Amino acid sequence: MKEKALRSKLSVIFIMMMIVTTLLPQTILASGSGHWSSPYSVDQAIHDQDGTTHAVEGFVVGKPISSSSIITNNFPDDYAIAIADSVNETNTNEMVYVQIPSQYRSQYGLQSNPDLLGKKIKIEGCLVDYYAHPGVKCLSNIERVDSESKPDPDPDTGENYYSPAIGLSGEALKQSLHNIIDDHEELSYSEAWEALRNTDEDPANPNNVILLYTGRSQSENLNGGDVDDWNREHVWAKSHGDFGTSMGAGTDLHHLRPTDSTVNSSRGNKDFDNGGDPHHEAGGNYADSDSWEPRDEIKGDVARMLFYMAVRYEGDVSDEVDLQLNNQVNNGSNPFHGKLNALIEWHNEDPVSDFERHRNNLIYTHYQENRNPFIDHPEYVQHIW
């Protein structure tokens, strides 16, 4: 009788557990590393409010109006959203509040996009209090994680986006990568101003951009041609192939970067190589009469931008330049850029950074719909060159 009673009690407990599990709201169970490819859950973000920059994924559940309240209709503005691990979450202690910067409000603010409520999104920013509540500020990226968002390529395995290039090397790999990244969405040169404010935003200050050669954080609105303004640097010098600022190579964000206007002028159309005298304004950079050596922190960045340009532009359509890397300087108006040996060295010494990965993702998802393969797969450099 005792065994029968025990079995009966266990059966009741099991049934109750099944009922509770069935009634639990939809949640995100997996935990991530905080990288864009492996975002934090909201619960992780709540418990990691240390000011560091991480990616977080969750469901939009409302708009914060105080540290303990959100609203789910009649949204007064586009300035903030609340996200949670459960699409049905109502407890604000289980949410993070997200500050929406101006460049994302028209697309991700709830007043303009009330249908965003209940949708899953992925964001990247600083994990820090907002509305005196666990939050995410300094937002540098945001996208929907549903059927309306662009599917992410899988840069780790090479599948999906890079699948045609699997197993190739040499010229065959170069041609395959060209076919993958060719025919991107092109911007006008004036549109590049606004795009660079986004792609090169300072992770610690969303109102600033990081200048390439100096590393200086500067107001995104202090751009132009005056001394200490920032302007648009063509890392592959636009005279090397004489493509100027025309749509295509002249406006390709994968090699356009914000730089101090006078430093940009100093670099001019010099090829890249080791050596020279220290630059008086851009510490860590060196120059001589025919070459420019960037600071150590961006040497790999520069190399990977030039590798991209040499693969993207093959002159296979009318009016498109055929760009090639060589081991020379003083390339002038020829469609060549050097020195290849120095670029390979820099690529190996300065690995891909999170800033580069984030920038690559933004260009892919928000602007050109193509990627720099040498950021996703650094090993492609040795397979081609």
# chains A, B, ... in the order shown; residues from 1 in each chain; ligands from 1
$ select_by_dssp --residues "segment 104-327 of chain A" --states "alpha helix (DSSP H)" --output "PyMOL selection string"
chain A and resi 104-108+170-181+191-199+261-267+299-312
$ residues_around --residues "Leu127 of chain A" --least-positions-apart "4" --cutoff "10 Å" --atoms "only C-alpha atoms" --output "JSON, numbers by chain"
{"A": [45, 46, 47, 48, 49, 50, 51, 52, 53, 54, 55, 56, 96, 97, 98, 134, 135, 136, 137, 138, 139]}
$ write_last_selection --atoms "C-alpha atoms" --output "short mmCIF file (atom, residue, chain, number, x, y, z; two decimals), in the first residue's frame"
data_model
loop_
_atom_site.label_atom_id
_atom_site.label_comp_id
_atom_site.auth_asym_id
_atom_site.auth_seq_id
_atom_site.Cartn_x
_atom_site.Cartn_y
_atom_site.Cartn_z
CA ALA A 45 22.88 41.48 -19.65
CA ILE A 46 21.02 42.29 -16.43
CA HIS A 47 23.77 40.65 -14.38
CA ASP A 48 26.69 42.13 -16.34
CA GLN A 49 26.10 45.88 -16.03
CA ASP A 50 29.78 46.86 -16.01
CA GLY A 51 29.91 49.32 -18.89
CA THR A 52 31.48 46.89 -21.36
CA THR A 53 30.22 46.56 -24.93
CA HIS A 54 28.33 43.37 -25.75
CA ALA A 55 25.61 42.07 -28.06
CA VAL A 56 22.24 41.19 -26.48
CA VAL A 96 16.77 45.64 -19.94
CA TYR A 97 16.02 49.14 -21.13
CA VAL A 98 17.62 50.15 -24.43
CA PRO A 134 19.70 47.68 -16.08
CA GLY A 135 20.12 48.87 -19.64
CA VAL A 136 22.04 49.15 -22.88
CA LYS A 137 23.31 52.52 -24.12
CA CYS A 138 25.86 53.76 -26.72
CA LEU A 139 24.12 51.53 -29.28
#
$ closest_residue --among "A:Asn372, A:Asn205, A:Asn361, A:Ser163" --to "His255 of chain A" --atoms "only C-alpha atoms"
A:Asn372
$ atom_distance --atom1 "atom CA of Arg105 of chain A" --atom2 "atom CA of Asp78 of chain A"
5.4 Å
$ closest_residue --among "A:Phe243, A:Pro101, A:Ala192, A:Gly250" --to "Asn223 of chain A" --atoms "only C-alpha atoms"
A:Ala192
$ residues_around --residues "Glu201 of chain A" --least-positions-apart "3" --cutoff "10 Å" --atoms "only C-alpha atoms" --output "PyMOL selection string"
chain A and resi 138-140+195-198+204-211+217-220+258+355+359
$ closest_residue --among "A:Glu379, A:Glu171, A:Glu57, A:Glu124" --to "Asp354 of chain A" --atoms "only C-alpha atoms"
A:Glu124
$ atom_distance --atom1 "atom CA of Val302 of chain A" --atom2 "atom CA of Phe272 of chain A"
8.9 Å
$ atom_distance --atom1 "atom CA of Asn221 of chain A" --atom2 "atom CA of Thr245 of chain A"
20.9 Å
$ residues_around --residues "Ser67 of chain A" --least-positions-apart "5" --cutoff "8 Å" --atoms "only C-alpha atoms" --output "MDAnalysis selection string"
chainID A and resid 131:133
$ write_last_selection --atoms "all heavy atoms" --output "PDB file, in the first residue's frame"
ATOM      1  N   TYR A 131      17.449  54.829 -17.219  1.00  0.00           N
ATOM      2  CA  TYR A 131      16.256  55.015 -16.376  1.00  0.00           C
ATOM      3  C   TYR A 131      16.478  54.414 -14.991  1.00  0.00           C
ATOM      4  O   TYR A 131      15.550  53.863 -14.383  1.00  0.00           O
ATOM      5  CB  TYR A 131      15.017  54.368 -16.998  1.00  0.00           C
ATOM      6  CG  TYR A 131      14.285  55.184 -18.025  1.00  0.00           C
ATOM      7  CD1 TYR A 131      14.624  55.103 -19.365  1.00  0.00           C
ATOM      8  CD2 TYR A 131      13.221  56.011 -17.672  1.00  0.00           C
ATOM      9  CE1 TYR A 131      13.943  55.826 -20.328  1.00  0.00           C
ATOM     10  CE2 TYR A 131      12.534  56.746 -18.631  1.00  0.00           C
ATOM     11  CZ  TYR A 131      12.909  56.652 -19.960  1.00  0.00           C
ATOM     12  OH  TYR A 131      12.217  57.376 -20.908  1.00  0.00           O
ATOM     13  N   ALA A 132      17.720  54.478 -14.466  1.00  0.00           N
ATOM     14  CA  ALA A 132      18.061  53.868 -13.173  1.00  0.00           C
ATOM     15  C   ALA A 132      17.654  52.395 -13.141  1.00  0.00           C
ATOM     16  O   ALA A 132      17.132  51.888 -12.147  1.00  0.00           O
ATOM     17  CB  ALA A 132      17.402  54.624 -12.027  1.00  0.00           C
ATOM     18  N   HIS A 133      17.908  51.720 -14.243  1.00  0.00           N
ATOM     19  CA  HIS A 133      17.479  50.340 -14.440  1.00  0.00           C
ATOM     20  C   HIS A 133      18.511  49.667 -15.339  1.00  0.00           C
ATOM     21  O   HIS A 133      19.129  50.326 -16.164  1.00  0.00           O
ATOM     22  CB  HIS A 133      16.088  50.361 -15.117  1.00  0.00           C
ATOM     23  CG  HIS A 133      15.479  49.016 -15.332  1.00  0.00           C
ATOM     24  ND1 HIS A 133      15.852  48.191 -16.368  1.00  0.00           N
ATOM     25  CD2 HIS A 133      14.500  48.366 -14.659  1.00  0.00           C
ATOM     26  CE1 HIS A 133      15.124  47.083 -16.317  1.00  0.00           C
ATOM     27  NE2 HIS A 133      14.307  47.160 -15.292  1.00  0.00           N
TER      28      HIS A 133
END
$ select_by_dssp --residues "segment 18-252 of chain A" --states "strand (DSSP E)" --output "PyMOL selection string"
chain A and resi 53-66+69-71+80-84+95-99+120-127+135-144+201-202+205-210+217-219+230-234
$ residues_around --residues "Ser239 of chain A" --least-positions-apart "2" --cutoff "8 Å" --atoms "only C-alpha atoms" --output "list of chain:residue names"
A:Ala237, A:Gly241, A:Asp242, A:Phe243, A:Gly244, A:Asn269, A:Gly332, A:Ser333, A:Asn334
$ write_last_selection --atoms "all heavy atoms" --output "PDB file, in the first residue's frame"
ATOM      1  N   ALA A 237      44.335  54.514 -52.520  1.00  0.00           N
ATOM      2  CA  ALA A 237      44.357  55.881 -53.046  1.00  0.00           C
ATOM      3  C   ALA A 237      43.582  55.967 -54.358  1.00  0.00           C
ATOM      4  O   ALA A 237      43.810  55.172 -55.275  1.00  0.00           O
ATOM      5  CB  ALA A 237      45.804  56.328 -53.247  1.00  0.00           C
ATOM      6  N   GLY A 241      44.489  54.061 -60.220  1.00  0.00           N
ATOM      7  CA  GLY A 241      43.405  53.529 -61.034  1.00  0.00           C
ATOM      8  C   GLY A 241      42.499  54.646 -61.513  1.00  0.00           C
ATOM      9  O   GLY A 241      41.606  54.435 -62.335  1.00  0.00           O
ATOM     10  N   ASP A 242      42.715  55.853 -60.963  1.00  0.00           N
ATOM     11  CA  ASP A 242      42.020  57.061 -61.408  1.00  0.00           C
ATOM     12  C   ASP A 242      40.498  56.897 -61.359  1.00  0.00           C
ATOM     13  O   ASP A 242      39.787  57.329 -62.262  1.00  0.00           O
ATOM     14  CB  ASP A 242      42.476  57.427 -62.831  1.00  0.00           C
ATOM     15  CG  ASP A 242      42.134  58.865 -63.194  1.00  0.00           C
ATOM     16  OD1 ASP A 242      42.029  59.698 -62.276  1.00  0.00           O
ATOM     17  OD2 ASP A 242      41.960  59.147 -64.395  1.00  0.00           O
ATOM     18  N   PHE A 243      39.989  56.284 -60.261  1.00  0.00           N
ATOM     19  CA  PHE A 243      38.533  56.132 -60.164  1.00  0.00           C
ATOM     20  C   PHE A 243      37.871  57.272 -59.410  1.00  0.00           C
ATOM     21  O   PHE A 243      36.646  57.370 -59.356  1.00  0.00           O
ATOM     22  CB  PHE A 243      38.158  54.781 -59.527  1.00  0.00           C
ATOM     23  CG  PHE A 243      38.849  54.479 -58.224  1.00  0.00           C
ATOM     24  CD1 PHE A 243      38.452  55.077 -57.042  1.00  0.00           C
ATOM     25  CD2 PHE A 243      39.888  53.564 -58.173  1.00  0.00           C
ATOM     26  CE1 PHE A 243      39.065  54.788 -55.835  1.00  0.00           C
ATOM     27  CE2 PHE A 243      40.518  53.263 -56.967  1.00  0.00           C
ATOM     28  CZ  PHE A 243      40.108  53.879 -55.797  1.00  0.00           C
ATOM     29  N   GLY A 244      38.669  58.127 -58.781  1.00  0.00           N
ATOM     30  CA  GLY A 244      38.128  59.317 -58.144  1.00  0.00           C
ATOM     31  C   GLY A 244      37.091  59.011 -57.084  1.00  0.00           C
ATOM     32  O   GLY A 244      37.262  58.106 -56.269  1.00  0.00           O
ATOM     33  N   ASN A 269      48.582  60.136 -51.942  1.00  0.00           N
ATOM     34  CA  ASN A 269      48.379  58.882 -52.685  1.00  0.00           C
ATOM     35  C   ASN A 269      49.559  57.938 -52.531  1.00  0.00           C
ATOM     36  O   ASN A 269      49.824  57.093 -53.388  1.00  0.00           O
ATOM     37  CB  ASN A 269      48.104  59.171 -54.157  1.00  0.00           C
ATOM     38  CG  ASN A 269      49.328  59.705 -54.888  1.00  0.00           C
ATOM     39  OD1 ASN A 269      50.299  60.124 -54.257  1.00  0.00           O
ATOM     40  ND2 ASN A 269      49.288  59.701 -56.212  1.00  0.00           N
ATOM     41  N   GLY A 332      51.724  55.674 -58.825  1.00  0.00           N
ATOM     42  CA  GLY A 332      51.107  56.764 -59.559  1.00  0.00           C
ATOM     43  C   GLY A 332      49.651  56.507 -59.894  1.00  0.00           C
ATOM     44  O   GLY A 332      48.874  56.058 -59.055  1.00  0.00           O
ATOM     45  N   SER A 333      49.278  56.749 -61.153  1.00  0.00           N
ATOM     46  CA  SER A 333      47.882  56.578 -61.568  1.00  0.00           C
ATOM     47  C   SER A 333      47.582  55.178 -62.076  1.00  0.00           C
ATOM     48  O   SER A 333      46.454  54.881 -62.476  1.00  0.00           O
ATOM     49  CB  SER A 333      47.531  57.602 -62.660  1.00  0.00           C
ATOM     50  OG  SER A 333      48.347  57.400 -63.809  1.00  0.00           O
ATOM     51  N   ASN A 334      48.569  54.296 -62.051  1.00  0.00           N
ATOM     52  CA  ASN A 334      48.325  52.908 -62.449  1.00  0.00           C
ATOM     53  C   ASN A 334      47.400  52.240 -61.432  1.00  0.00           C
ATOM     54  O   ASN A 334      47.413  52.594 -60.242  1.00  0.00           O
ATOM     55  CB  ASN A 334      49.640  52.136 -62.533  1.00  0.00           C
ATOM     56  CG  ASN A 334      50.547  52.646 -63.636  1.00  0.00           C
ATOM     57  OD1 ASN A 334      50.108  52.817 -64.767  1.00  0.00           O
ATOM     58  ND2 ASN A 334      51.813  52.902 -63.301  1.00  0.00           N
TER      59      ASN A 334
END
